[in-house]
$ cat coords.cif   # mmCIF, C-alpha atoms
data_final
#
loop_
_atom_site.label_atom_id
_atom_site.label_comp_id
_atom_site.auth_asym_id
_atom_site.auth_seq_id
_atom_site.Cartn_x
_atom_site.Cartn_y
_atom_site.Cartn_z
CA MET A 13 103.34 83.07 93.58
CA VAL A 14 100.44 84.61 91.66
CA LYS A 15 99.01 87.64 93.41
CA LYS A 16 95.88 89.51 92.61
CA ILE A 17 95.18 93.19 93.08
CA ALA A 18 92.42 95.59 92.10
CA VAL A 19 92.98 99.14 90.85
CA TYR A 20 89.76 101.13 90.77
CA GLY A 21 88.23 104.57 91.02
CA SER A 22 86.75 107.40 89.00
CA TYR A 23 88.46 109.00 86.04
CA GLU A 24 88.08 111.63 83.38
CA ALA A 25 88.85 110.79 79.80
CA LYS A 26 88.28 112.16 76.34
CA VAL A 27 85.99 110.04 74.24
CA LEU A 28 84.63 110.37 70.72
CA VAL A 29 81.28 112.12 70.50
CA ARG A 30 78.48 109.96 69.13
CA GLN A 31 75.83 111.55 66.96
CA ARG A 32 72.39 110.32 66.04
CA PHE A 33 71.42 109.92 62.39
CA TRP A 34 68.30 108.93 60.56
CA HIS A 35 68.50 106.57 57.63
CA ARG A 36 65.75 105.54 55.24
CA ARG A 37 65.97 101.83 54.62
CA VAL A 38 65.27 100.11 51.32
CA ASP A 39 61.90 98.94 52.65
CA GLY A 40 60.97 102.56 53.35
CA VAL A 41 61.28 102.42 57.14
CA ARG A 42 63.07 105.38 58.69
CA GLN A 43 65.65 103.97 61.10
CA ARG A 44 67.72 105.76 63.74
CA TYR A 45 71.37 104.86 64.22
CA TRP A 46 74.45 106.18 66.01
CA HIS A 47 77.64 107.28 64.35
CA LYS A 48 80.99 108.19 65.94
CA THR A 49 82.16 111.66 64.93
CA LYS A 50 85.74 112.96 65.09
CA ARG A 51 84.88 115.40 67.87
CA MET A 52 86.04 114.61 71.40
CA LYS A 53 84.36 115.30 74.72
CA LYS A 54 85.50 114.93 78.31
CA VAL A 55 83.49 112.50 80.40
CA ALA A 56 83.67 111.29 83.99
CA LEU A 57 83.47 107.52 84.32
CA SER A 58 84.43 104.84 86.78
CA GLY A 59 86.30 101.66 86.07
CA ARG A 60 88.32 98.86 87.50
CA TYR A 61 91.33 96.71 86.72
CA GLU A 62 91.78 93.27 88.26
CA PHE A 63 95.45 92.39 87.75
CA TYR A 64 97.04 89.07 88.57
CA GLY A 65 100.64 87.99 88.17
CA LYS A 66 104.06 88.37 89.72
CA GLY A 67 105.10 91.32 91.90
CA LYS A 68 107.29 93.00 89.29
CA ASP A 69 104.65 92.78 86.57
CA LEU A 70 102.02 94.06 88.99
CA TYR A 71 104.15 97.08 89.81
CA LYS A 72 104.67 97.89 86.14
CA ALA A 73 100.98 97.36 85.42
CA VAL A 74 99.94 99.72 88.25
CA VAL A 75 102.31 102.40 86.94
CA LYS A 76 100.84 102.00 83.47
CA ALA A 77 97.31 101.98 84.86
CA HIS A 78 97.87 105.57 85.99
CA ARG A 79 97.75 106.72 82.39
CA ILE A 80 95.58 104.07 80.79
CA MET A 81 92.02 104.13 82.13
CA PRO A 82 90.09 100.84 82.14
CA LYS A 83 87.30 100.18 79.69
CA GLY A 84 84.74 99.23 82.32
CA PHE A 85 85.59 96.11 84.33
CA VAL A 86 88.89 94.67 83.10
CA HIS A 87 90.16 91.34 84.43
CA VAL A 88 93.57 90.70 82.90
CA SER A 89 96.99 89.31 83.71
CA ALA A 90 99.54 92.04 84.40
CA GLU A 91 101.86 90.58 81.76
CA LYS A 92 99.21 90.72 79.01
CA PHE A 93 98.22 94.24 80.04
CA LEU A 94 101.83 95.38 79.72
CA GLU A 95 102.08 93.86 76.24
CA HIS A 96 98.92 95.51 74.88
CA PRO A 97 97.70 98.26 77.23
CA ASP A 98 95.64 99.95 74.49
CA ARG A 99 93.53 96.84 74.13
CA TYR A 100 92.24 97.18 77.71
CA GLY A 101 91.95 100.94 78.16
CA PHE A 102 92.42 104.44 76.86
CA GLU A 103 94.23 107.62 77.94
CA GLY A 104 92.77 109.60 80.81
CA GLU A 105 93.34 110.76 84.36
CA TRP A 106 92.15 109.39 87.70
CA VAL A 107 90.16 111.82 89.82
CA GLU A 108 89.39 111.74 93.51
CA ARG A 109 85.72 110.98 93.96
CA GLU A 110 83.73 108.86 96.35
CA VAL A 111 83.90 105.30 95.12
CA GLU A 112 82.84 101.99 96.64
CA SER A 113 85.04 98.91 96.76
CA MET B 6 102.93 134.74 109.55
CA VAL B 7 101.29 131.40 108.95
CA LEU B 8 102.08 129.45 105.83
CA LYS B 9 99.88 126.67 104.58
CA VAL B 10 101.93 123.51 104.32
CA ASN B 11 100.88 120.87 101.89
CA GLY B 12 101.91 117.55 103.37
CA LEU B 13 103.86 114.94 101.45
CA ARG B 14 100.94 112.54 101.48
CA GLU B 15 98.69 115.09 99.84
CA LYS B 16 101.33 116.01 97.30
CA LEU B 17 101.98 112.48 96.17
CA SER B 18 98.62 110.92 96.86
CA LEU B 19 97.38 108.26 94.48
CA LYS B 20 94.09 109.15 92.90
CA CYS B 21 93.10 105.60 92.17
CA ILE B 22 92.55 103.01 94.88
CA ILE B 23 94.49 99.76 95.11
CA GLY B 24 92.93 96.82 96.89
CA TYR B 25 93.20 93.07 97.42
CA SER B 26 90.57 90.89 95.85
CA ASP B 27 89.96 87.16 95.72
CA ILE B 28 87.13 84.67 96.09
CA GLU B 29 88.44 82.23 98.69
CA THR B 30 88.96 84.51 101.68
CA VAL B 31 86.07 85.51 103.90
CA LYS B 32 86.20 89.28 104.27
CA LEU B 33 83.82 91.69 105.94
CA ASP B 34 83.61 95.45 105.60
CA PHE B 35 81.97 97.10 108.62
CA ASP B 36 81.31 100.79 108.06
CA TYR B 37 80.17 103.09 110.85
CA THR B 38 80.31 100.32 113.45
CA PRO B 39 82.14 100.53 116.80
CA PHE B 40 85.12 98.27 117.36
CA LYS B 41 83.45 96.20 120.11
CA THR B 42 80.53 95.32 117.84
CA VAL B 43 82.90 94.36 115.01
CA ARG B 44 84.90 92.13 117.36
CA TYR B 45 81.70 90.54 118.71
CA PHE B 46 80.44 89.65 115.22
CA ALA B 47 83.90 88.46 114.16
CA PHE B 48 84.00 86.03 117.13
CA LEU B 49 80.44 84.91 116.45
CA THR B 50 81.24 84.18 112.78
CA LEU B 51 84.47 82.43 113.74
CA LYS B 52 82.65 80.05 116.11
CA ARG B 53 79.65 79.46 113.83
CA PHE B 54 81.62 78.62 110.67
CA LYS B 55 84.90 77.39 112.22
CA LEU B 56 87.05 79.87 110.33
CA GLY B 57 90.30 79.32 112.27
CA GLY B 58 91.24 82.89 113.07
CA PHE B 59 90.75 86.49 112.05
CA ILE B 60 92.35 89.90 111.95
CA ILE B 61 90.60 93.26 112.26
CA LEU B 62 91.93 96.24 110.34
CA LYS B 63 90.88 99.80 111.04
CA SER B 64 90.30 101.66 107.78
CA SER B 65 89.04 104.93 109.26
CA MET B 66 87.05 106.24 112.23
CA ASN B 67 84.51 103.50 113.14
CA CYS B 68 85.19 101.62 109.88
CA TYR B 69 86.78 98.18 110.12
CA HIS B 70 87.70 95.30 107.85
CA VAL B 71 87.73 91.68 109.03
CA VAL B 72 89.69 88.91 107.27
CA PHE B 73 89.25 85.25 108.25
CA ASP B 74 91.81 82.47 107.93
CA ARG B 75 90.04 79.41 106.52
CA ARG B 76 89.86 78.93 102.75
CA VAL B 77 86.28 78.61 101.50
CA SER B 78 84.47 78.36 98.20
CA TRP B 79 82.85 81.45 96.65
CA SER B 80 79.33 80.26 97.49
CA GLU B 81 80.24 79.56 101.12
CA ASN B 82 82.03 82.90 101.31
CA MET B 83 78.92 84.79 100.24
CA ARG B 84 76.75 82.63 102.49
CA ILE B 85 78.84 83.71 105.49
CA VAL B 86 78.80 87.41 104.54
CA ALA B 87 75.02 87.29 104.02
CA TRP B 88 74.57 85.60 107.40
CA VAL B 89 76.61 88.31 109.18
CA GLY B 90 74.85 91.07 107.23
CA LEU B 91 71.42 89.86 108.29
CA LEU B 92 72.49 89.29 111.86
CA CYS B 93 74.07 92.69 112.48
CA LYS B 94 71.55 94.59 110.31
CA ASN B 95 74.28 96.87 109.00
CA ARG B 96 73.04 98.35 105.72
CA PHE B 97 76.56 99.34 104.66
CA LEU B 98 77.74 95.76 105.03
CA LEU B 99 74.71 94.55 103.06
CA LYS B 100 75.43 97.09 100.31
CA TRP B 101 79.06 95.95 100.20
CA PHE B 102 77.87 92.33 100.05
CA VAL B 103 75.57 93.06 97.10
CA MET B 104 78.42 94.77 95.25
CA GLN B 105 80.74 91.81 95.79
CA CYS B 106 78.04 89.48 94.46
CA ILE B 107 77.78 91.58 91.30
CA LYS B 108 81.56 91.55 90.82
CA GLU B 109 81.87 87.87 91.78
CA GLU B 110 84.97 88.74 93.82
CA SER B 111 85.34 90.40 97.19
CA THR B 112 87.70 93.34 97.54
CA LEU B 113 89.16 95.23 100.48
CA ARG B 114 91.08 98.46 100.16
CA VAL B 115 94.81 98.44 100.94
CA SER B 116 96.06 101.83 99.74
CA CYS B 117 94.96 105.17 101.14
CA LYS B 118 91.77 106.78 99.85
CA ARG B 119 91.45 110.55 99.82
CA GLU B 120 91.92 111.68 103.43
CA LYS B 121 91.66 108.10 104.78
CA PRO B 122 94.96 106.31 105.51
CA SER B 123 95.61 102.72 104.51
CA PRO B 124 93.95 100.18 106.86
CA ARG B 125 96.10 98.98 109.76
CA ILE B 126 95.80 95.88 111.93
CA VAL B 127 94.23 96.53 115.33
CA PHE B 128 93.28 93.03 116.51
CA ARG B 129 94.40 89.45 115.85
CA TYR B 130 92.94 86.17 117.00
CA GLY B 131 93.62 82.50 116.22
CA CYS B 132 95.52 80.96 113.31
CA GLU B 133 97.07 83.05 110.58
CA ASP B 134 98.59 80.29 108.45
CA MET B 135 96.33 80.22 105.40
CA GLN B 136 94.30 83.06 103.95
CA ILE B 137 95.46 85.69 106.43
CA ARG B 138 99.07 84.96 105.53
CA GLU B 139 98.22 85.25 101.85
CA PHE B 140 96.33 88.47 102.47
CA LEU B 141 99.18 89.97 104.47
CA GLY B 142 101.69 88.95 101.79
CA CYS B 143 99.65 90.60 99.07
CA ARG B 144 99.08 93.64 101.26
CA LYS B 145 102.85 93.94 101.70
CA THR B 146 103.33 93.80 97.91
CA ILE B 147 100.69 96.49 97.34
CA LYS B 148 102.15 98.71 100.03
CA GLY B 149 105.58 98.26 98.44
CA ILE B 150 104.16 99.26 95.05
CA VAL B 151 102.50 102.37 96.53
CA ARG B 152 105.67 103.31 98.42
CA ARG B 153 107.78 102.93 95.29
CA LEU B 154 105.33 104.99 93.29
CA GLN B 155 105.42 107.74 95.90
CA ASN B 156 109.18 107.68 96.41
CA GLU B 157 110.14 107.54 92.79
CA GLY B 158 107.19 109.65 91.65
CA VAL B 159 107.33 107.43 88.57
CA GLY B 160 105.43 109.71 86.21
CA LEU B 161 102.22 109.15 88.09
CA TYR B 162 100.23 110.76 85.34
CA HIS B 163 102.56 111.33 82.40
CA GLY B 164 105.48 108.95 82.69
CA SER B 165 106.04 105.46 81.42
CA CYS B 166 107.41 102.39 83.11
#

$ encode --input "coords.cif" --output "structure tokens"
Amino acid sequence: MVKKIAVYGSYEAKVLVRQRFWHRRVDGVRQRYWHKTKRMKKVALSGRYEFYGKGKDLYKAVVKAHRIMPKGFVHVSAEKFLEHPDRYGFEGEWVEREVES
Amino acid sequence: MVLKVNGLREKLSLKCIIGYSDIETVKLDFDYTPFKTVRYFAFLTLKRFKLGGFIILKSSMNCYHVVFDRRVSWSENMRIVAWVGLLCKNRFLLKWFVMQCIKEESTLRVSCKREKPSPRIVFRYGCEDMQIREFLGCRKTIKGIVRRLQNEGVGLYHGSC
């Protein structure tokens, strides 16, 4: 039987710092753009996993979800998440904050 | 001499929240509402939309969840929640309803959340053969997962599965 569970909350994770640059285009217009630097910063975000699948896969996915924070709203089968967790999230840590369901 | 004792629940508490979500079960989240009012609106909704049966779960002081038995479509589900929200004029229920509309799935918490324990059943009425049975089955699975995580302490933050 396919079951569906949601894992959600607030988390802290290290993300790449984005920096703003100005670039003069060929047509002479000065255009602003963003560039990812190699520096990291700690940010507080909130996210959510919607896992579906069998009980055993769900258990493994929840264990893995403790280390891998969701990239926004992630709706994925537990089996696929276990195969490629990096595709759906990044390293971080859950924190206890007020969050709505 | 008095020593501060950190309880087991605090020590091994999960920092993320685990809940049950689907689109076919009518669920209501009454915050800051007394039990009698919740039961009254649950009965009213049951009669009005012929939902078969319901269970009421207490999530914390004056906060209750209601789960109905009949399977409905997503549009009917939201229609029912909106009807109850307007009738009882509970702004927390309306806020919850808006959030479920944005997500396109309704979710109720199953695990504990900070100092709040996991919701427990306080009232049952009518049939429990369809969606309530499914909900309780999934709730059992989630509780099992949480229990295993707490018992084994499976590298909650640093381990691998």

$ interface_residues --input "coords.cif" --of "chain A" --to "chain B" --cutoff "10 Å" --atoms "only C-alpha atoms" --output "ChimeraX atom specification"
/A:13-23,59-64,66-68,70-80,85,94,104-113

$ atom_distance --input "coords.cif" --atom1 "atom CA of Leu98 of chain B" --atom2 "atom CA of Val71 of chain B"
11.5 Å

$ resolve_selection --input "coords.cif" --expression "the PyMOL selection byres ((chain A and resi 26) around 8)" --output "mmCIF file with C-alpha atoms, keeping the file's coordinate frame"
data_model
loop_
_atom_site.group_PDB
_atom_site.id
_atom_site.type_symbol
_atom_site.label_atom_id
_atom_site.label_comp_id
_atom_site.auth_asym_id
_atom_site.auth_seq_id
_atom_site.Cartn_x
_atom_site.Cartn_y
_atom_site.Cartn_z
ATOM 1 C CA GLU A 24 88.080 111.630 83.380
ATOM 2 C CA ALA A 25 88.850 110.790 79.800
ATOM 3 C CA VAL A 27 85.990 110.040 74.240
ATOM 4 C CA LEU A 28 84.630 110.370 70.720
ATOM 5 C CA MET A 52 86.040 114.610 71.400
ATOM 6 C CA LYS A 53 84.360 115.300 74.720
ATOM 7 C CA LYS A 54 85.500 114.930 78.310
ATOM 8 C CA VAL A 55 83.490 112.500 80.400
ATOM 9 C CA GLU A 103 94.230 107.620 77.940
ATOM 10 C CA GLY A 104 92.770 109.600 80.810
#

$ residues_near_point --input "coords.cif" --point "(88.2, 93.6, 79.9)" --cutoff "9 Å" --atoms "all atoms listed in the file" --output "VMD selection string"
chain A and resid 61 82 to 88 99 to 101

$ atom_distance --input "coords.cif" --atom1 "atom CA of Leu56 of chain B" --atom2 "atom CA of Phe73 of chain B"
6.2 Å

$ closest_residue --input "coords.cif" --among "A:Ala56, A:Tyr45, A:Asp39, A:Met81" --to "Asp98 of chain A" --atoms "all atoms listed in the file"
A:Met81

$ residues_near_point --input "coords.cif" --point "(93.4, 86.9, 105.8)" --cutoff "10 Å" --atoms "all atoms listed in the file" --output "list in words"
Glu29, Thr30, Val31, Lys32, Gly58, Phe59, Ile60, Ile61, Val71, Val72, Phe73, Asp74, Arg75, Arg76, Cys132, Glu133, Asp134, Met135, Gln136, Ile137, Arg138, Glu139, Phe140, Leu141, Gly142, Cys143 and Arg144 of chain B

$ resolve_selection --input "coords.cif" --expression "the PyMOL selection byres ((chain B and resi 93) around 12)" --output "list of chain:residue names"
B:Leu33, B:Phe35, B:Asp36, B:Thr38, B:Thr42, B:Val43, B:Arg44, B:Tyr45, B:Phe46, B:Ala47, B:Leu49, B:Thr50, B:Val86, B:Ala87, B:Trp88, B:Val89, B:Gly90, B:Leu91, B:Leu92, B:Lys94, B:Asn95, B:Arg96, B:Phe97, B:Leu98, B:Leu99

$ atom_distance --input "coords.cif" --atom1 "atom CA of Tyr69 of chain B" --atom2 "atom CA of Ile107 of chain B"
21.9 Å

$ residues_around --input "coords.cif" --residues "Ser65 of chain B" --least-positions-apart "6" --cutoff "9 Å" --atoms "only C-alpha atoms" --output "PDB file with C-alpha atoms, keeping the file's coordinate frame"
ATOM      1  CA  ASP B  36      81.310 100.790 108.060  1.00  0.00           C
ATOM      2  CA  LYS B 121      91.660 108.100 104.780  1.00  0.00           C
ATOM      3  CA  PRO B 122      94.960 106.310 105.510  1.00  0.00           C
ATOM      4  CA  SER B 123      95.610 102.720 104.510  1.00  0.00           C
ATOM      5  CA  PRO B 124      93.950 100.180 106.860  1.00  0.00           C
TER       6      PRO B 124
END

$ axis_aligned_box --input "coords.cif" --around "segment 28-33 of chain A" --padding-each-side "6 Å" --output "lines of an AutoDock Vina configuration file"
center_x = 78.0
center_y = 111.0
center_z = 66.6
size_x = 25.2
size_y = 14.2
size_z = 20.3

$ resolve_selection --input "coords.cif" --expression "the PyMOL selection byres ((chain A and resi 46) around 12)" --output "list in words"
Leu28, Val29, Arg30, Gln31, Arg32, Phe33, Trp34, His35, Gln43, Arg44, Tyr45, His47, Lys48 and Thr49 of chain A

$ write_last_selection --input "coords.cif" --atoms "C-alpha atoms" --output "compact mmCIF listing (two decimals), in the frame of the given file"
# COMPACT_ATOMS: atom_id res chain seq x y z
CA LEU A 28 84.63 110.37 70.72
CA VAL A 29 81.28 112.12 70.50
CA ARG A 30 78.48 109.96 69.13
CA GLN A 31 75.83 111.55 66.96
CA ARG A 32 72.39 110.32 66.04
CA PHE A 33 71.42 109.92 62.39
CA TRP A 34 68.30 108.93 60.56
CA HIS A 35 68.50 106.57 57.63
CA GLN A 43 65.65 103.97 61.10
CA ARG A 44 67.72 105.76 63.74
CA TYR A 45 71.37 104.86 64.22
CA HIS A 47 77.64 107.28 64.35
CA LYS A 48 80.99 108.19 65.94
CA THR A 49 82.16 111.66 64.93

$ build_atoms --input "coords.cif" --residues "segment 68-81 of chain A" --atoms "N, CA and C atoms" --output "CSV table (one decimal), in the coordinates of the input"
chain,number,residue,atom,x,y,z
A,68,LYS,N,106.7,92.0,90.2
A,68,LYS,CA,107.3,93.0,89.3
A,68,LYS,C,106.3,93.4,88.2
A,69,ASP,N,105.6,92.5,87.6
A,69,ASP,CA,104.6,92.8,86.6
A,69,ASP,C,103.5,93.6,87.1
A,70,LEU,N,103.1,93.3,88.4
A,70,LEU,CA,102.0,94.1,89.0
A,70,LEU,C,102.4,95.5,89.2
A,71,TYR,N,103.7,95.7,89.6
A,71,TYR,CA,104.2,97.1,89.8
A,71,TYR,C,104.1,97.9,88.5
A,72,LYS,N,104.6,97.2,87.4
A,72,LYS,CA,104.7,97.9,86.1
A,72,LYS,C,103.3,98.2,85.6
A,73,ALA,N,102.4,97.2,85.9
A,73,ALA,CA,101.0,97.4,85.4
A,73,ALA,C,100.3,98.5,86.2
A,74,VAL,N,100.6,98.6,87.5
A,74,VAL,CA,99.9,99.7,88.2
A,74,VAL,C,100.4,101.1,87.8
A,75,VAL,N,101.8,101.1,87.5
A,75,VAL,CA,102.3,102.4,86.9
A,75,VAL,C,101.6,102.8,85.6
A,76,LYS,N,101.5,101.8,84.8
A,76,LYS,CA,100.8,102.0,83.5
A,76,LYS,C,99.4,102.3,83.6
A,77,ALA,N,98.7,101.7,84.6
A,77,ALA,CA,97.3,102.0,84.9
A,77,ALA,C,97.0,103.4,85.3
A,78,HIS,N,98.1,104.2,85.6
A,78,HIS,CA,97.9,105.6,86.0
A,78,HIS,C,97.6,106.4,84.8
A,79,ARG,N,98.0,106.0,83.6
A,79,ARG,CA,97.8,106.7,82.4
A,79,ARG,C,96.6,106.1,81.6
A,80,ILE,N,96.6,104.8,81.6
A,80,ILE,CA,95.6,104.1,80.8
A,80,ILE,C,94.4,103.7,81.6
A,81,MET,N,93.2,104.3,81.3
A,81,MET,CA,92.0,104.1,82.1
A,81,MET,C,91.3,102.9,81.6
